[in-house]
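Chemist: Quick one: the structure is below, questions incoming.
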Amino acid sequence: MANKLIVAPAPHVQTAQSTACIMRDVVIALLPALVVSTIVFGLDVLRVTAISVAACVVFEFLIQKFFVQGPLTISNWSAVVTGVLLAFNLPASIPWWIVVIGAFVAIAVAKMTFGGLGKNPFNPALVGRVFLLIAYPVQMTTWPLPVNGAFDALSGATPLAAVKHGAAGLDVLGVQDLLLGNMPGSLGEVAALALLVGFAYLLWRRVITWHIPVTILATIAVFAFIVALCSDGSAALLWQLPLFHVLAGGAILGSVFMATDYSTSPMTVRGGVIFAIGIGVITMLIRLWGAYPEGMSFAILMMNACVPLINKYVKPKRFGVK
């Protein structure tokens, strides 16, 4: 009689979750923001997203087919997620060929060079976005106005850029507009409320935990509150500035959908909190005193580089060790 006993090392835990299932949940969580962005900017949103997703999938397929010998992994939806997140970091008016270049950098350089999903130290979509921002700064900072023609006070600048350069004050930027996305910006910057709906969905599905996103947003809010407290502004500034910096720009998109990437974030809760505080502080330092009005992408990539160090020194106690 054949021996059917299978011996394997611990842990002996089984779950219904798979990589494909998790990635599909991320895509579903991004759909509300995609819908709102399409309403705000028109069908160009779908054009940019479709090109980005298709290019990411094709590049991953070709690299695995001809350069990396092994099973194809495009069916796990990770390339689709990278494509959607890359698109969410781009303006709706960007030329198609720049989107393709960004997809190539994200997949070929930031992901497949290190061996594929789970081995990449940096978030691929953010690497693609930062490369495009440096290589094509004009196209990457040309923001189309909403199709309904609202928010003319910004004159095509994002809220962060308008406030940073003095083109608009916090009193012009209503909370309702920040929540509903009635303003210029990238595809994923304009729908704070829709992104929060996606956040709630990911928590419900237990794809992510609340620690990293909430800590990043809380750090940004506390940092902005301290800056407002130290300034000569009115009492209203004490709540206006923190709320503005939490809702504007890529704070919610980055903290919920990019900083929580399994491959590029710490393995422990305590490490994740340290990681998140670093992202929040660096983001605010760049926003307030850096050359760019937005610092979330740079902050996440910088803290991605610190993850091995965090994992090394922030470890849970081994069982039986006092």
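Here, A, B, ... name the chains of the structure tokens in the order displayed, residue numbers run from 1 inside each chain, and ligands are numbered from 1 in the same displayed order.
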Considering only C-alpha atoms, return as number ranges by chain whatever protein or nucleic-acid residues lie within 9 Å of Val246 of chain A, sequence-local ones (same chain, fewer than 6 positions apart) excluded.

Modeler: A: 217-218, 220-221, 252

Chemist: Report the distance between atom CA of Phe131 of chain A and atom CA of Ala108 of chain A in Å, rounded to one decimal place.

Modeler: 12.9 Å

Chemist: Could you name the residues that touch segment 290-292 of chain A at 12 Å or less, counting only C-alpha atoms, but leaving out those on the same chain fewer than 6 positions away, as a list in words?

Modeler: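 Selected residues are Val130, Leu133, Ile134, Pro137, Thr141, Thr158, Leu160, Ala161, Ala162, Lys164, His165, Gly249, Ile282, Thr283, Met284, Phe298 and Ala299 of chain A.
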
Chemist: Given the choices A:Ser263, A:Ser37, A:Thr219, A:Gln64, which gets closest to Pro184 of chain A if the distance is worked out from only C-alpha atoms?

Modeler: A:Ser37

Chemist: List the spatial neighbours of segment 112-126 of chain A as a ChimeraX atom specification - criterion: any atom at most 7 Å away, only C-alpha atoms, same-chain residues fewer than 6 positions off excluded.

Modeler: /A:82,85-86,106,258,263-264,297,301,304-305

Chemist: Could you take the residues named above and write them with C-alpha atoms, as a PDB file, in the first residue's frame?

Modeler:
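Okay, this is what ended up in out24.pdb:
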ATOM      1  CA  THR A  82       0.379  47.680 -11.526  1.00  0.00           C
ATOM      2  CA  LEU A  85      -2.047  52.080 -10.164  1.00  0.00           C
ATOM      3  CA  LEU A  86       0.353  53.520 -12.734  1.00  0.00           C
ATOM      4  CA  ALA A 106       7.358  49.559 -13.953  1.00  0.00           C
ATOM      5  CA  MET A 258       0.740  51.433  -2.512  1.00  0.00           C
ATOM      6  CA  SER A 263       6.358  42.827  -1.198  1.00  0.00           C
ATOM      7  CA  THR A 264       7.574  46.292  -0.270  1.00  0.00           C
ATOM      8  CA  SER A 297       5.618  58.776  -4.275  1.00  0.00           C
ATOM      9  CA  LEU A 301      10.037  54.618  -2.413  1.00  0.00           C
ATOM     10  CA  ASN A 304      10.698  50.866   0.606  1.00  0.00           C
ATOM     11  CA  ALA A 305      14.492  51.036   0.671  1.00  0.00           C
TER      12      ALA A 305
END

Chemist: Enter the distance from atom CA of Pro308 of chain A to atom CA of Lys111 of chain A, in Å, rounded to one decimal.

Modeler: 17.0 Å

Chemist: Considering only C-alpha atoms, state which residue in the set A:Pro146, A:Pro213, A:Gly128, A:Gly271 is at the smallest distance from Asn311 of chain A.

Modeler: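 Closest candidate: A:Gly271.
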
Chemist: Need to verify the contact set: Leu31 of chain A, 9 Å, only C-alpha atoms, exclusion of same-chain residues closer than 3 positions in sequence. Can you return it as a list in words?

Modeler: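 My list of contacting residues is Val26, Val27, Ile28, Leu34, Val35, Val36, Ala194, Leu195 and Gly198 of chain A.
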
Chemist: From segment 27-261 of chain A, collect each residue whose DSSP state is alpha helix (DSSP H) and return the set as an MDAnalysis selection string.

Modeler: chainID A and resid 27:41 44:66 78:88 96:104 124:135 137:140 159:164 175:180 192:204 211:230 237:247 251:253

Chemist: Could you name the residues that touch Arg47 of chain A at 10 Å or less, counting only C-alpha atoms, but leaving out those on the same chain fewer than 2 positions away, as a PyMOL selection string?

Modeler: chain A and resi 38+42-45+49-52+87+92-94+96

Chemist: If I take atom CA of Trp143 of chain A and atom CA of Ser186 of chain A, how far is one from the other in Å, to one decimal?

Modeler: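 Going from atom CA of Trp143 of chain A over to atom CA of Ser186 of chain A covers 7.2 Å.
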